[in-house]
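Please read the structure below before turning to the comments.
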Amino acid sequence: MESFISEVVSKFRIESLHNNYFVLPSRRAAQAFSKELLQNQKESFLLPPIKSIEEFIEEVSEVSLIDNLETLFHFYDIYKENTNPNKQEPLEQVYNWGQSIIQDFNEIDRYQIDSEQFFGNLKAIKDLEHWSNSEIKTELVKNYIEFWETLPKYHKELKAKLKAENKAYQGMAYQEAVSKIKSFIDSNNSQFYFIGFNALNSCEETIFQYILSEKRGDVFWDIDTHLLKDNSAGMFMRTYSKNWPFYSSKEFKTSSNNFRNKKNISLYGVPKKIGQAKLVGDILSKIPDQELGETALILGDENLLQPILNSLPKNIKAVNVTMGLPLEATSFASFFDTIFSIKTSNQAELHYKQIFELIEHPALKKSFNEDIQSIKINLNENNTVFQSKTDFLSDVEKLNSSLGEILRLSIKSQDISVDEFLNNCLEIIELLKLNFLEEKLSLEYLFGFKKLFNKLRNLLSESDLINDIRIFYQIYLDTLSSETLDFEGSPYEGLQIMGMLESRVLDFKNIIITSVNEGVLPSGKSQNSFIPFDLKKAYKLPTYKEKDAIYAYHFFRLIQRADNCHFTYNNSTSGIEKAEKSRFLTQVETFRMPEHSIRSYAVGSNTEAEKLSLQHVEKTPEIMAHLKSLFLSGISPSALTTYIRNPIDFYHRYVLGLKELDEIEEDISYKTLGTVIHDCLDLMYRDYRGKVLTENDVDRMLNNYTKTLTMLFEKKFQEEALRHGKNLIDFEIAKQQIKRFLLQEKKDVKRNKIEIVELEKVGDKYLDIDGVGFKIKLKGTVDRVDLFNDKIRIIDYKTGKVEAKQLKIPKDWIDFTEDYKYSKAFQVLFYALLKEDNLDENAEAGIISFKNLKTGFMTCSDSSLNLKEVATEFKIELETLILEILNSEIPFTEKLV
């Protein structure tokens, strides 16, 4: 395969090179052309000018190009000068819509459009869209019309201001280049050659045609005969061949007829980005080492860069990443974003989630884990939802490590200027560097952020507009999105990884293109512009249709000289992420070219299989020793029902000792709600143990329960947390549940004799089980034991909803210790067993459900047996369950729950 660049270079003789001037679409293309030129010539020679189109335009226009951000600041100056002071918007608002205006100015200038006429038409369209031709016009409509009327003035004044400073935004520079191309050509003896271009704006067309008409050069198009004739990739060049006067007498030359050569084309539908990254690694592992230098990996979605770098196979020895790693994709981006969020919130208090987000970030956690755990423990123990910045900083000052200084710089930002805040960020970088001296990649990330913040500091020094943290944060995010970390590597050796635009003019034997989905390749209809579609069409401005054709050109041009093509696309829809295969792949599949071998693959995921792979843990001697210790010290009903629900959970909780994280409760959890209600009843009934309840006793509790409940909640939550939102609702629910319970209790007391025997009493019992070799200790806390008309009742309070059917014992106890649906009955009978020695034939055990109070006390017993006999039957089932747990031959096996 001869590349396009090689074909072009072969047309030039060494003796005439010094009289030539070469222009290519990008700097990468210009570098590749220079390399080929040097390799093609055997004698020494003076390298002619070889430039990108932007460098060429800047040279011809004789202006200094400025970026969009600097243009926006100049635009804001013009906006303030030409807008009624009473109607002016602050910079942070202009910043949002101003960027779209600047982009539209660029388009208008690049396509040489009369701005007065254009904006007049745009205003008329906006008038029609918003019914502003009605006789009665509101102030809002008047302001709206005035804005569109003023746009031409903004445009004109902005260009005049920049011209006076010899500066220009891109579109303006193109216009200047058109006006000066004649003088530039006349003052230069070179022949000008434009190589590898496709979609030209109006200014570029004018310049190219002028060069051709003056016979001062030529244009080398890179388009295959087949693509020029039958494909959307050739849309622009078909237009040039028909409309340019130069081609009315001369043939429009295609660069190759390679598209019909045999190609191995593979299409892969893969779930998600990670699936594509892994597949790419598999494809690369099968490419011969000698062909890796002729292989390009094109990322349709540049967010795939990091997953792919992590998935590269061992046979990849050299890699050149042309696109660079986006700085916003590095781990430190979220760290500085957290610092910005603390600054922009501008609150005197810190929410605990803000603190955790900061201190638990990998940038800090790895180096300061001990100090971080100390901070977390302090906040968790006090259940601190909000903490003042002053108090938090006072606590961190006691730390011995540099973490204290990092946190001080991160948080003490409420009253400081943007410039001071920026300096704090730079100081934080210097402190963080000391913890990553052995991690070169992390140091590179930090260096990238240091350059970014220095760039922003220079911008601050040039403009007094950025004095608000909100506008500064917007600028930071925009600048961050365009900053990349450049990797060192040879652009001519090893695997080449690049974006679609970086592939211009380059050819490869093997190509792999990822994320070939609709909305990515091509990008679809989304555009950031105030100009309606119809107006763009009328003035021949590019719309999404032209942008689709640009993507089509880059996509199919890569195929034309390749031998092996691999295309991956996401075939799994998730949320707003599309999973529609690109129309380009549909076109590839419908090629009517017998020379091509086209195969489609649907690559599956092992996710479901992994879900169905149940965990087994064999009981080692160490585990058996731990189980013995557990049953000797006392096993609770909740531990046993955990085993019934899922043995692997029992293993994690009671063997490994893995507990739920002790987290700060911002909202009242069901667990806390239940605990507080239990504690409230315990405190109120405590004074009545051993005596018969009266209506007056219950009335006293009705008078005091609110005070008791409030005291218990305030032990767990800050007072302010109970006054608003969900917590206030939960607090009121708890009050209502206790009130309803006490009212029901008053009714029962009126009709019955009720004597409190025990409250929240911890009970235990020992079992001798054949084959175990030691006594099993059972332990549990019974919420309440009373005498109801001299009949013993064992009561378990449940703040959730429980129905009587959940306490029903199955016939012959089938599945009782295997099915979790019997867990409520299991727990009640466990408590009955603890009280076995005190039970008589009239005793009852059951539940009072606070969400089902109308059913009253729900008993757990068999109609043919009394509670004492049921407890005896239960003991047999319990012993069987304990024997299973203590059987070293039966592993802990996960259940599907």
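Residues in the structure tokens are numbered from 1 in each chain, the chains being A, B, ... in the order shown, and ligands are numbered from 1 in the order shown.
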Q) Tyr705 in chain A: which residues within 8 Å, counting only C-alpha atoms, same-chain residues fewer than 2 positions away excluded, as a PyMOL selection string? A) chain A and resi 680+684+701-703+707-709+735+738-739
Q | Those in range 24-131 of chain A with alpha helix (DSSP H) from DSSP, as an NGL selection string | A | :A and (27-40 or 53-61 or 68-81 or 91-110 or 115-129)
Q: Please identify all polymer residues within 7 Å of range 270-281 of chain A, counting only C-alpha atoms, omitting same-chain residues fewer than 4 positions from it, and present them as a PyMOL selection string.
A: chain A and resi 285+304+307-308+311-313+568-572+602-605
Selection from above, all heavy atoms, as a compact mmCIF listing (two decimals), in the first residue's frame, can you write it?
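Wrote part-v3.txt, looks like this:
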```txt
# COMPACT_ATOMS: atom_id res chain seq x y z
N SER A 285 -3.85 -7.86 20.30
CA SER A 285 -2.98 -8.99 20.65
C SER A 285 -2.78 -9.94 19.47
O SER A 285 -1.83 -10.72 19.45
CB SER A 285 -3.56 -9.75 21.84
OG SER A 285 -4.76 -10.41 21.48
N LEU A 304 -12.74 6.93 25.97
CA LEU A 304 -12.28 5.54 26.00
C LEU A 304 -10.77 5.43 26.16
O LEU A 304 -10.24 4.33 26.32
CB LEU A 304 -12.69 4.81 24.71
CG LEU A 304 -14.01 4.07 24.71
CD1 LEU A 304 -14.30 3.49 23.34
CD2 LEU A 304 -13.99 2.94 25.72
N PRO A 307 -9.53 3.63 29.63
CA PRO A 307 -9.82 2.19 29.65
C PRO A 307 -9.00 1.40 28.64
O PRO A 307 -8.56 0.29 28.93
CB PRO A 307 -11.32 2.13 29.32
CG PRO A 307 -11.86 3.45 29.71
CD PRO A 307 -10.76 4.42 29.49
N ILE A 308 -8.78 1.98 27.47
CA ILE A 308 -8.02 1.28 26.44
C ILE A 308 -6.54 1.18 26.82
O ILE A 308 -5.90 0.14 26.63
CB ILE A 308 -8.22 1.94 25.07
CG1 ILE A 308 -9.56 1.49 24.49
CG2 ILE A 308 -7.08 1.62 24.10
CD1 ILE A 308 -9.93 2.08 23.16
N SER A 311 -6.04 -1.58 28.95
CA SER A 311 -6.36 -2.89 28.37
C SER A 311 -5.38 -3.31 27.27
O SER A 311 -5.61 -4.32 26.61
CB SER A 311 -7.79 -2.86 27.79
OG SER A 311 -8.73 -2.53 28.77
N LEU A 312 -4.31 -2.51 27.06
CA LEU A 312 -3.36 -2.86 25.99
C LEU A 312 -2.65 -4.17 26.31
O LEU A 312 -2.21 -4.38 27.44
CB LEU A 312 -2.33 -1.74 25.81
CG LEU A 312 -2.85 -0.42 25.24
CD1 LEU A 312 -1.73 0.60 25.18
CD2 LEU A 312 -3.46 -0.61 23.87
N PRO A 313 -2.53 -5.06 25.33
CA PRO A 313 -1.87 -6.36 25.57
C PRO A 313 -0.36 -6.20 25.70
O PRO A 313 0.22 -5.16 25.36
CB PRO A 313 -2.24 -7.17 24.32
CG PRO A 313 -2.49 -6.14 23.26
CD PRO A 313 -3.05 -4.94 23.95
N THR A 568 -15.91 -1.14 16.30
CA THR A 568 -16.66 -1.56 17.49
C THR A 568 -17.73 -0.51 17.79
O THR A 568 -17.54 0.68 17.55
CB THR A 568 -15.75 -1.71 18.72
OG1 THR A 568 -15.37 -0.42 19.22
CG2 THR A 568 -14.51 -2.52 18.40
N TYR A 569 -18.86 -0.98 18.32
CA TYR A 569 -19.92 -0.07 18.72
C TYR A 569 -20.62 -0.62 19.94
O TYR A 569 -20.63 -1.83 20.18
CB TYR A 569 -20.91 0.18 17.57
CG TYR A 569 -21.66 -1.07 17.12
CD1 TYR A 569 -22.91 -1.41 17.64
CD2 TYR A 569 -21.10 -1.92 16.15
CE1 TYR A 569 -23.58 -2.54 17.22
CE2 TYR A 569 -21.78 -3.06 15.72
CZ TYR A 569 -23.01 -3.36 16.26
OH TYR A 569 -23.69 -4.48 15.85
N ASN A 570 -21.17 0.27 20.73
CA ASN A 570 -21.90 -0.13 21.94
C ASN A 570 -23.28 -0.64 21.54
O ASN A 570 -24.03 0.06 20.86
CB ASN A 570 -22.02 1.08 22.88
CG ASN A 570 -22.87 0.77 24.10
OD1 ASN A 570 -22.99 -0.38 24.52
ND2 ASN A 570 -23.47 1.79 24.67
N ASN A 571 -23.64 -1.84 21.96
CA ASN A 571 -24.96 -2.38 21.64
C ASN A 571 -25.84 -2.54 22.87
O ASN A 571 -26.82 -3.28 22.86
CB ASN A 571 -24.83 -3.72 20.90
CG ASN A 571 -24.19 -4.80 21.76
OD1 ASN A 571 -23.80 -4.55 22.90
ND2 ASN A 571 -24.07 -6.00 21.22
N SER A 572 -25.47 -1.83 23.96
CA SER A 572 -26.23 -1.95 25.20
C SER A 572 -26.68 -0.58 25.67
O SER A 572 -25.88 0.26 26.06
CB SER A 572 -25.36 -2.60 26.28
OG SER A 572 -26.04 -2.63 27.51
N ALA A 602 -21.60 -10.20 17.48
CA ALA A 602 -22.24 -9.67 18.68
C ALA A 602 -21.49 -10.26 19.87
O ALA A 602 -21.56 -11.45 20.14
CB ALA A 602 -23.72 -10.05 18.74
N VAL A 603 -20.72 -9.43 20.53
CA VAL A 603 -19.89 -9.90 21.64
C VAL A 603 -20.69 -9.79 22.92
O VAL A 603 -21.14 -8.70 23.29
CB VAL A 603 -18.59 -9.06 21.75
CG1 VAL A 603 -17.72 -9.58 22.87
CG2 VAL A 603 -17.84 -9.09 20.41
N GLY A 604 -20.91 -10.91 23.59
CA GLY A 604 -21.74 -10.93 24.79
C GLY A 604 -20.98 -10.51 26.02
O GLY A 604 -19.77 -10.33 26.02
N SER A 605 -21.75 -10.37 27.11
CA SER A 605 -21.16 -10.05 28.42
C SER A 605 -21.35 -11.22 29.36
O SER A 605 -22.33 -11.93 29.30
CB SER A 605 -21.85 -8.80 29.00
OG SER A 605 -21.49 -8.62 30.33
```
**Q.** Spatial neighbours of Asp224 in chain A, max dist 6 Å, only C-alpha atoms, sep filter under 5 positions, as a PyMOL selection string
**A.** chain A and resi 254-257
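Among the candidate residues A:Ile411, A:Leu426, A:Lys153, A:Tyr76, the one lying nearest to Gln88 in chain A is A:Tyr76, with distances computed using only C-alpha atoms.
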Q.
I want to know what sits within 9 Å of Ile298 in chain A, based on only C-alpha atoms, with residues of the same chain fewer than 6 positions away left out; could you give that as a VMD selection string?
A. chain A and resid 496 to 500 502 to 503 511 to 514
Produce a file of the selected residues containing N, CA and C atoms, as a CSV table (one decimal), in the first residue's frame.
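After the write, part28.csv holds the following:
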```csv
chain,number,residue,atom,x,y,z
A,496,GLN,N,-0.4,3.7,16.9
A,496,GLN,CA,-0.8,5.1,16.9
A,496,GLN,C,-2.3,5.2,17.4
A,497,ILE,N,-2.5,5.9,18.5
A,497,ILE,CA,-3.8,6.1,19.1
A,497,ILE,C,-4.2,7.6,18.9
A,498,MET,N,-5.3,7.9,18.3
A,498,MET,CA,-5.7,9.2,17.9
A,498,MET,C,-7.2,9.4,17.8
A,499,GLY,N,-7.6,10.6,17.8
A,499,GLY,CA,-9.0,11.0,17.5
A,499,GLY,C,-9.3,11.0,16.0
A,500,MET,N,-10.5,11.1,15.6
A,500,MET,CA,-10.8,11.1,14.2
A,500,MET,C,-10.2,12.2,13.4
A,502,GLU,N,-7.4,13.8,14.0
A,502,GLU,CA,-5.9,13.6,13.9
A,502,GLU,C,-5.5,12.6,12.8
A,503,SER,N,-6.5,11.9,12.3
A,503,SER,CA,-6.2,10.9,11.2
A,503,SER,C,-6.1,11.5,9.9
A,511,ILE,N,-6.7,-0.7,10.7
A,511,ILE,CA,-7.4,0.4,11.5
A,511,ILE,C,-8.5,-0.2,12.4
A,512,ILE,N,-8.5,0.4,13.6
A,512,ILE,CA,-9.6,0.0,14.6
A,512,ILE,C,-10.3,1.3,15.0
A,513,ILE,N,-11.6,1.3,14.8
A,513,ILE,CA,-12.3,2.5,15.1
A,513,ILE,C,-13.4,2.1,16.2
A,514,THR,N,-13.4,2.8,17.3
A,514,THR,CA,-14.3,2.5,18.4
A,514,THR,C,-15.5,3.5,18.4
```
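The residue that comes closest to Arg110 in chain A, out of A:Ser515, A:Asp301, A:Lys376, A:Lys540 and on the basis of only C-alpha atoms, is A:Lys540.
The smallest atom-to-atom distance between Ile78 in chain A and any of A:Asn20, A:Thr150, A:Asn727, A:Ser410, using only C-alpha atoms, is found for A:Thr150.
Shortest separation to Ile145 in chain A among A:Ala318, A:Ala804, A:Leu896, A:Leu122 occurs at residue A:Leu122, atoms counted being only C-alpha atoms.
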Q: Quick one: everything within 10 Å of Thr855 in chain A, counting only C-alpha atoms, minus sequence neighbours fewer than 5 positions away in the same chain. Send it as a count of residues only.
A: 6
